[in-house]
file my_file_6.csv (CSV, C-alpha atoms and all ligand atoms)
chain,number,residue,atom,x,y,z
A,1,MET,CA,-20.3,0.5,-3.1
A,2,ALA,CA,-20.3,4.3,-3.4
A,3,THR,CA,-20.9,5.9,-6.9
A,4,GLY,CA,-20.3,9.3,-8.3
A,5,ASN,CA,-19.6,11.5,-11.4
A,6,ASP,CA,-17.5,10.4,-14.4
A,7,ASN,CA,-14.8,12.8,-15.4
A,8,LYS,CA,-12.1,12.7,-12.8
A,9,LEU,CA,-9.8,9.9,-11.7
A,10,LYS,CA,-11.6,7.3,-9.6
A,11,LEU,CA,-9.8,5.2,-7.0
A,12,TYR,CA,-11.5,2.1,-5.8
A,13,SER,CA,-10.1,1.8,-2.3
A,14,TYR,CA,-10.7,0.4,1.2
A,15,TRP,CA,-9.6,2.7,4.1
A,16,LYS,CA,-7.4,0.0,5.8
A,17,SER,CA,-5.9,-1.4,2.6
A,18,SER,CA,-2.1,-0.9,2.4
A,19,CYS,CA,-2.2,-1.5,-1.3
A,20,SER,CA,-4.8,1.3,-1.7
A,21,ASP,CA,-2.7,3.5,0.7
A,22,ARG,CA,0.3,3.4,-1.7
A,23,VAL,CA,-1.8,4.7,-4.5
A,24,ARG,CA,-3.4,7.4,-2.4
A,25,ILE,CA,0.1,8.6,-1.4
A,26,ALA,CA,1.2,8.8,-5.1
A,27,LEU,CA,-2.0,10.7,-6.1
A,28,ASN,CA,-1.3,13.1,-3.3
A,29,LEU,CA,2.3,13.6,-4.1
A,30,LYS,CA,1.5,14.2,-7.8
A,31,GLY,CA,-1.3,16.6,-6.8
A,32,LEU,CA,-4.0,14.6,-8.6
A,33,GLN,CA,-7.6,15.0,-7.5
A,34,TYR,CA,-9.6,11.9,-7.5
A,35,GLU,CA,-13.0,10.5,-6.6
A,36,TYR,CA,-12.9,8.0,-3.7
A,37,LYS,CA,-15.0,4.9,-4.4
A,38,ALA,CA,-15.2,2.9,-1.3
A,39,VAL,CA,-15.2,-0.9,-1.5
A,40,ASP,CA,-16.0,-2.5,1.8
A,41,LEU,CA,-13.8,-5.6,2.1
A,42,LEU,CA,-15.4,-6.8,5.3
A,43,LYS,CA,-18.8,-6.9,3.5
A,44,GLY,CA,-17.3,-8.7,0.6
A,45,GLU,CA,-18.0,-5.9,-1.9
A,46,GLN,CA,-14.7,-6.8,-3.7
A,47,LEU,CA,-16.4,-9.9,-5.0
A,48,SER,CA,-19.6,-8.2,-6.2
A,49,PRO,CA,-20.4,-8.4,-9.9
A,50,GLU,CA,-20.1,-4.6,-10.1
A,51,PHE,CA,-16.5,-4.6,-8.7
A,52,THR,CA,-15.2,-7.7,-10.5
A,53,LYS,CA,-16.1,-6.1,-13.8
A,54,ILE,CA,-13.4,-3.6,-12.8
A,55,ASN,CA,-11.0,-6.0,-11.3
A,56,PRO,CA,-11.7,-9.7,-12.0
A,57,ILE,CA,-9.5,-10.9,-9.1
A,58,GLY,CA,-11.5,-8.9,-6.6
A,59,TYR,CA,-8.8,-6.9,-4.9
A,60,VAL,CA,-8.5,-3.2,-4.3
A,61,PRO,CA,-7.1,-0.8,-5.4
A,62,ALA,CA,-8.4,-0.1,-8.9
A,63,LEU,CA,-8.0,3.1,-10.8
A,64,VAL,CA,-10.2,4.5,-13.6
A,65,ASP,CA,-8.7,7.3,-15.7
A,66,GLY,CA,-11.0,8.0,-18.6
A,67,ASP,CA,-11.0,4.8,-20.7
A,68,VAL,CA,-8.1,3.3,-18.7
A,69,VAL,CA,-9.3,0.8,-16.1
A,70,LEU,CA,-6.4,-0.6,-14.1
A,71,SER,CA,-5.9,-2.8,-11.1
A,72,ASP,CA,-2.9,-3.7,-9.0
A,73,SER,CA,-1.0,-1.1,-7.1
A,74,PHE,CA,2.3,-1.7,-8.9
A,75,ALA,CA,0.8,-1.3,-12.3
A,76,ILE,CA,-1.2,1.7,-11.2
A,77,LEU,CA,1.9,3.4,-9.8
A,78,LEU,CA,3.9,2.8,-12.9
A,79,TYR,CA,1.0,4.1,-15.1
A,80,LEU,CA,0.7,7.3,-12.9
A,81,GLU,CA,4.4,7.8,-13.1
A,82,GLU,CA,4.4,7.8,-16.9
A,83,LYS,CA,1.1,9.7,-17.4
A,84,TYR,CA,1.7,12.3,-14.7
A,85,PRO,CA,5.5,12.8,-14.4
A,86,GLN,CA,5.3,15.6,-11.8
A,87,HIS,CA,6.9,14.6,-8.5
A,88,PRO,CA,8.9,11.6,-10.0
A,89,LEU,CA,8.5,8.3,-8.0
A,90,LEU,CA,11.8,7.0,-9.3
A,91,PRO,CA,15.3,8.4,-9.1
A,92,SER,CA,17.2,8.9,-12.3
A,93,ASP,CA,20.3,7.0,-11.0
A,94,LEU,CA,19.9,3.5,-12.2
A,95,LYS,CA,21.3,1.8,-9.1
A,96,ARG,CA,19.0,3.7,-6.8
A,97,LYS,CA,16.1,3.0,-9.1
A,98,ALA,CA,16.8,-0.7,-9.0
A,99,ILE,CA,17.0,-0.6,-5.1
A,100,ASN,CA,13.6,1.1,-5.2
A,101,TYR,CA,12.2,-1.8,-7.2
A,102,GLN,CA,13.8,-4.3,-4.9
A,103,ALA,CA,12.5,-2.7,-1.7
A,104,ALA,CA,9.1,-2.2,-3.2
A,105,ASN,CA,9.0,-5.8,-4.3
A,106,ILE,CA,10.0,-7.2,-0.9
A,107,VAL,CA,6.8,-5.5,0.5
A,108,TYR,CA,4.7,-6.2,-2.6
A,109,SER,CA,5.6,-9.9,-3.1
A,110,SER,CA,7.2,-11.2,0.1
A,111,ILE,CA,5.2,-9.5,2.8
A,112,GLN,CA,1.7,-8.1,1.9
A,113,PRO,CA,0.3,-11.2,0.0
A,114,LEU,CA,1.1,-13.3,3.1
A,115,GLN,CA,-0.9,-11.0,5.4
A,116,ASN,CA,-3.7,-10.1,3.1
A,117,ILE,CA,-7.3,-10.3,4.6
A,118,GLY,CA,-8.1,-13.5,2.6
A,119,VAL,CA,-5.0,-15.3,3.7
A,120,LEU,CA,-5.5,-14.4,7.4
A,121,LYS,CA,-9.1,-15.4,7.3
A,122,TYR,CA,-8.2,-18.8,5.8
A,123,ILE,CA,-5.6,-19.4,8.6
A,124,GLU,CA,-8.2,-18.4,11.2
A,125,GLU,CA,-10.8,-20.8,9.8
A,126,ASN,CA,-8.6,-23.7,8.8
A,127,VAL,CA,-5.6,-23.7,11.1
A,128,CYS,CA,-6.5,-21.8,14.3
A,129,ALA,CA,-7.4,-18.2,15.3
A,130,ASP,CA,-4.3,-17.8,17.5
A,131,GLU,CA,-2.0,-18.5,14.5
A,132,ARG,CA,-3.5,-15.5,12.5
A,133,VAL,CA,-1.3,-12.7,14.0
A,134,ALA,CA,1.7,-15.0,14.6
A,135,TRP,CA,1.7,-15.9,10.9
A,136,ALA,CA,1.5,-12.3,9.9
A,137,LYS,CA,4.3,-11.2,12.3
A,138,THR,CA,6.6,-14.0,11.1
A,139,HIS,CA,6.4,-12.9,7.5
A,140,ILE,CA,6.5,-9.2,8.1
A,141,GLY,CA,9.5,-9.7,10.4
A,142,LYS,CA,11.3,-11.7,7.7
A,143,GLY,CA,10.7,-9.0,5.1
A,144,PHE,CA,11.6,-6.2,7.5
A,145,ALA,CA,14.9,-7.9,8.4
A,146,ALA,CA,15.8,-8.0,4.7
A,147,LEU,CA,14.7,-4.3,4.2
A,148,GLU,CA,16.7,-3.1,7.2
A,149,LYS,CA,19.8,-4.7,5.7
A,150,LEU,CA,19.2,-3.6,2.2
A,151,LEU,CA,18.4,0.0,3.0
A,152,LYS,CA,21.2,0.8,5.4
A,153,ASP,CA,23.6,1.7,2.6
A,154,TYR,CA,21.0,3.8,0.7
A,155,ALA,CA,18.8,5.5,3.3
A,156,GLY,CA,18.9,9.2,4.0
A,157,LYS,CA,15.9,11.0,5.4
A,158,TYR,CA,13.8,8.4,3.4
A,159,ALA,CA,14.4,4.9,2.2
A,160,THR,CA,16.8,5.6,-0.7
A,161,GLY,CA,18.0,9.1,0.0
A,162,ASP,CA,16.6,12.5,1.0
A,163,GLU,CA,13.7,12.4,-1.4
A,164,VAL,CA,10.5,10.3,-1.3
A,165,PHE,CA,10.5,7.6,-4.0
A,166,LEU,CA,8.6,4.4,-4.8
A,167,ALA,CA,10.2,2.3,-2.0
A,168,ASP,CA,8.7,4.8,0.5
A,169,LEU,CA,5.2,4.4,-0.9
A,170,PHE,CA,5.4,0.6,-0.3
A,171,LEU,CA,7.1,0.9,3.1
A,172,ALA,CA,4.9,3.5,4.8
A,173,PRO,CA,1.6,1.6,4.8
A,174,GLN,CA,3.4,-1.7,5.5
A,175,LEU,CA,5.1,-0.2,8.5
A,176,SER,CA,1.9,1.3,9.8
A,177,ALA,CA,0.1,-2.0,9.5
A,178,ALA,CA,2.9,-3.9,11.2
A,179,ILE,CA,3.0,-1.5,14.1
A,180,LYS,CA,-0.7,-0.5,14.5
A,181,ARG,CA,-2.5,-3.6,13.3
A,182,PHE,CA,-0.2,-6.4,14.3
A,183,GLY,CA,1.7,-4.9,17.2
A,184,LEU,CA,5.1,-5.9,15.8
A,185,ASP,CA,8.0,-5.2,18.1
A,186,MET,CA,10.2,-2.8,16.0
A,187,THR,CA,13.3,-2.9,18.2
A,188,GLN,CA,15.2,-5.0,15.7
A,189,PHE,CA,14.4,-2.5,12.9
A,190,PRO,CA,15.7,0.9,14.0
A,191,LEU,CA,16.1,2.2,10.5
A,192,LEU,CA,12.5,1.2,9.5
A,193,LEU,CA,11.2,2.7,12.7
A,194,ARG,CA,12.9,6.0,11.9
A,195,LEU,CA,11.4,6.0,8.4
A,196,HIS,CA,8.0,5.3,9.8
A,197,GLU,CA,8.3,8.4,11.9
A,198,ALA,CA,9.6,10.5,9.0
A,199,TYR,CA,6.6,9.5,6.9
A,200,GLY,CA,4.3,10.6,9.6
A,201,GLU,CA,5.5,14.2,9.1
A,202,LEU,CA,4.6,14.4,5.4
A,203,PRO,CA,1.1,15.7,4.4
A,204,ALA,CA,0.9,13.5,1.3
A,205,PHE,CA,1.3,10.5,3.6
A,206,GLN,CA,-0.8,11.9,6.5
A,207,ASN,CA,-3.7,12.5,4.1
A,208,ALA,CA,-3.5,9.0,2.6
A,209,ALA,CA,-3.6,7.4,6.1
A,210,PRO,CA,-6.4,4.9,6.7
A,211,GLU,CA,-8.1,7.0,9.4
A,212,LYS,CA,-8.4,10.0,7.1
A,213,GLN,CA,-10.4,8.1,4.4
A,214,PRO,CA,-14.1,8.7,3.9
A,215,ASP,CA,-15.0,5.1,4.6
A,216,ALA,CA,-13.0,4.9,7.9
A,217,PRO,CA,-15.2,4.4,10.9
A,218,SER,CA,-15.9,7.6,12.8
A,219,SER,CA,-14.6,6.4,16.2
B,301,LIG,N1,-0.9,-7.1,-5.8
B,301,LIG,C1,-2.2,-6.4,-5.5
B,301,LIG,C2,-2.7,-7.0,-4.2
B,301,LIG,C3,-4.0,-6.3,-3.8
B,301,LIG,C4,-4.6,-6.8,-2.5
B,301,LIG,O1,-4.1,-7.8,-1.9
B,301,LIG,N2,-5.5,-6.0,-2.0
B,301,LIG,C5,-6.2,-6.4,-0.7
B,301,LIG,C6,-6.2,-5.1,0.2
B,301,LIG,S1,-4.6,-4.5,0.6
B,301,LIG,C7,-7.6,-6.9,-0.9
B,301,LIG,O2,-8.3,-6.3,-1.7
B,301,LIG,N3,-8.0,-7.9,-0.2
B,301,LIG,C8,-9.3,-8.5,-0.3
B,301,LIG,C9,-9.4,-9.9,-0.1
B,301,LIG,O3,-8.4,-10.6,0.3
B,301,LIG,O4,-10.5,-10.5,-0.3
B,301,LIG,C10,-1.9,-4.9,-5.4
B,301,LIG,O5,-0.8,-4.5,-5.0
B,301,LIG,O6,-2.8,-4.1,-5.7

call {"tool": "encode", "arguments": {"input": "my_file_6.csv", "output": "structure tokens"}}
result
Amino acid sequence: MATGNDNKLKLYSYWKSSCSDRVRIALNLKGLQYEYKAVDLLKGEQLSPEFTKINPIGYVPALVDGDVVLSDSFAILLYLEEKYPQHPLLPSDLKRKAINYQAANIVYSSIQPLQNIGVLKYIEENVCADERVAWAKTHIGKGFAALEKLLKDYAGKYATGDEVFLADLFLAPQLSAAIKRFGLDMTQFPLLLRLHEAYGELPAFQNAAPEKQPDAPSS
């Protein structure tokens, strides 16, 4: 695991981790500098004694901000939102705010945990290797169908209007993973595909992308 100096925000992250990506986007949107601390999930560094002191469950991301040590992307994002209110991640309109929570939670609770590295590895080892991607696509597709319906009445340029909010931070990395990692056919999800393309135009999202991270492989 990489180490470094002590007085800036530190983000424990893995380049390909969608949960880390959400937090990287928020840090970029809020203009916060941070030190990148790579945790190699393929080498099992998330389970090392050094990292489990920071996050006992052994998942990235984790954020260190002075004496605050925090894990779990949702908690980190809500913390950042209160501590660093520039570029708000939530709209002031209550209904739109609630839709942001709902959309974020579809990704956070009903999609990502079912296609996490540990779950896919378990399926590969205990069910069969061919089921790995099929399982991931089934659960991503189910969540995307719900998101496509939910957001059709709220979307503008982005998920809940013409500004980027919390729902977008959850959607962007999940859409990239679905398309690039799992090869999901997006023809049933035209709105989500349009959002994926819109996110690709934004520097805060581009700079948070997996391939731009210091621990991404060079080729
Ligand atoms: N609810 C947590 C989930 C974190 C999570 O699943 N992280 C994945 C990467 S996206 C991980 O560290 N996986 C390692 C493993 O499964 O061993 C969050 O949103 O931060």

call {"tool": "closest_atom_pairs", "arguments": {"input": "my_file_6.csv", "of": "chain A", "to": "ligand LIG 301 (chain B)", "cutoff": "6 Å", "atoms": "only C-alpha atoms and all ligand atoms", "output": "tab-separated table"}}
result
residue	atom	partner	partner_atom	distance
A:Ser17	CA	B:LIG301	S1	3.9
A:Ser18	CA	B:LIG301	S1	4.7
A:Cys19	CA	B:LIG301	S1	4.3
A:Leu41	CA	B:LIG301	C8	5.9
A:Tyr59	CA	B:LIG301	O2	3.3
A:Val60	CA	B:LIG301	O2	4.1
A:Pro61	CA	B:LIG301	O6	5.4
A:Asp72	CA	B:LIG301	O6	3.3
A:Ser73	CA	B:LIG301	O6	3.8
A:Phe74	CA	B:LIG301	O5	5.7
A:Pro113	CA	B:LIG301	O1	5.9
A:Asn116	CA	B:LIG301	O3	5.5
A:Ile117	CA	B:LIG301	O3	4.4
A:Gly118	CA	B:LIG301	O3	3.7

call {"tool": "closest_residue", "arguments": {"input": "my_file_6.csv", "among": "A:Lys30, A:Leu151, A:Ala209, A:Arg22", "to": "Glu82 of chain A", "atoms": "all atoms listed in the file"}}
result
A:Lys30

call {"tool": "atom_distance", "arguments": {"input": "my_file_6.csv", "atom1": "atom CA of Lys8 of chain A", "atom2": "atom CA of Val64 of chain A"}}
result
8.5 Å

call {"tool": "atom_distance", "arguments": {"input": "my_file_6.csv", "atom1": "atom CA of Tyr34 of chain A", "atom2": "atom CA of Lys10 of chain A"}}
result
5.4 Å

call {"tool": "atom_distance", "arguments": {"input": "my_file_6.csv", "atom1": "atom CA of Tyr154 of chain A", "atom2": "atom CA of Met186 of chain A"}}
result
19.9 Å

call {"tool": "residues_around", "arguments": {"input": "my_file_6.csv", "residues": "Leu184 of chain A", "least_positions_apart": "5", "cutoff": "7 Å", "atoms": "all atoms listed in the file", "output": "list in words"}}
result
Lys137, Ala178 and Ile179 of chain A

call {"tool": "closest_residue", "arguments": {"input": "my_file_6.csv", "among": "A:Ala136, A:Lys142, A:Arg96, A:Gln174", "to": "Ala159 of chain A", "atoms": "only C-alpha atoms"}}
result
A:Arg96

call {"tool": "residues_around", "arguments": {"input": "my_file_6.csv", "residues": "Ser110 of chain A", "least_positions_apart": "3", "cutoff": "9 Å", "atoms": "all atoms listed in the file", "output": "list of chain:residue names"}}
result
A:Asn105, A:Ile106, A:Val107, A:Pro113, A:Leu114, A:His139, A:Ile140, A:Lys142, A:Gly143

call {"tool": "closest_residue", "arguments": {"input": "my_file_6.csv", "among": "A:Asn207, A:Thr187, A:Ser20, A:Gln213", "to": "Gln112 of chain A", "atoms": "only C-alpha atoms"}}
result
A:Ser20

call {"tool": "decode", "arguments": {"input": "my_file_6.csv", "residues": "segment 68-112 of chain A", "atoms": "C-alpha atoms", "output": "mmCIF file, in the first residue's frame"}}
result
data_model
loop_
_atom_site.group_PDB
_atom_site.id
_atom_site.type_symbol
_atom_site.label_atom_id
_atom_site.label_comp_id
_atom_site.auth_asym_id
_atom_site.auth_seq_id
_atom_site.Cartn_x
_atom_site.Cartn_y
_atom_site.Cartn_z
ATOM 1 C CA VAL A 68 -11.784 11.932 10.965
ATOM 2 C CA VAL A 69 -11.343 8.421 9.558
ATOM 3 C CA LEU A 70 -14.360 7.399 7.536
ATOM 4 C CA SER A 71 -15.343 4.486 5.316
ATOM 5 C CA ASP A 72 -18.252 3.751 3.050
ATOM 6 C CA SER A 73 -18.846 5.965 0.037
ATOM 7 C CA PHE A 74 -22.314 7.114 1.139
ATOM 8 C CA ALA A 75 -21.086 8.255 4.552
ATOM 9 C CA ILE A 76 -18.039 9.892 2.978
ATOM 10 C CA LEU A 77 -20.153 11.798 0.452
ATOM 11 C CA LEU A 78 -22.572 13.076 3.099
ATOM 12 C CA TYR A 79 -19.616 14.091 5.298
ATOM 13 C CA LEU A 80 -17.940 15.946 2.424
ATOM 14 C CA GLU A 81 -21.227 17.657 1.617
ATOM 15 C CA GLU A 82 -21.552 19.081 5.137
ATOM 16 C CA LYS A 83 -17.906 19.926 5.695
ATOM 17 C CA TYR A 84 -17.230 21.340 2.217
ATOM 18 C CA PRO A 85 -20.525 22.827 0.976
ATOM 19 C CA GLN A 86 -19.092 24.245 -2.257
ATOM 20 C CA HIS A 87 -20.700 22.646 -5.322
ATOM 21 C CA PRO A 88 -23.699 21.126 -3.463
ATOM 22 C CA LEU A 89 -24.320 17.453 -4.119
ATOM 23 C CA LEU A 90 -28.007 17.728 -3.245
ATOM 24 C CA PRO A 91 -30.707 19.999 -4.673
ATOM 25 C CA SER A 92 -32.644 22.193 -2.232
ATOM 26 C CA ASP A 93 -36.014 21.000 -3.557
ATOM 27 C CA LEU A 94 -37.099 18.214 -1.191
ATOM 28 C CA LYS A 95 -38.714 16.001 -3.820
ATOM 29 C CA ARG A 96 -35.653 16.140 -6.089
ATOM 30 C CA LYS A 97 -33.403 15.518 -3.093
ATOM 31 C CA ALA A 98 -35.425 12.404 -2.221
ATOM 32 C CA ILE A 99 -35.169 11.172 -5.824
ATOM 33 C CA ASN A 100 -31.402 11.604 -5.575
ATOM 34 C CA TYR A 101 -31.359 9.426 -2.459
ATOM 35 C CA GLN A 102 -33.559 6.835 -4.147
ATOM 36 C CA ALA A 103 -31.487 6.644 -7.341
ATOM 37 C CA ALA A 104 -28.225 6.585 -5.394
ATOM 38 C CA ASN A 105 -29.553 3.792 -3.211
ATOM 39 C CA ILE A 106 -30.644 1.647 -6.136
ATOM 40 C CA VAL A 107 -26.988 1.620 -7.224
ATOM 41 C CA TYR A 108 -25.571 1.500 -3.704
ATOM 42 C CA SER A 109 -27.805 -1.237 -2.252
ATOM 43 C CA SER A 110 -29.428 -3.112 -5.121
ATOM 44 C CA ILE A 111 -26.703 -3.231 -7.784
ATOM 45 C CA GLN A 112 -23.105 -2.699 -6.622
#
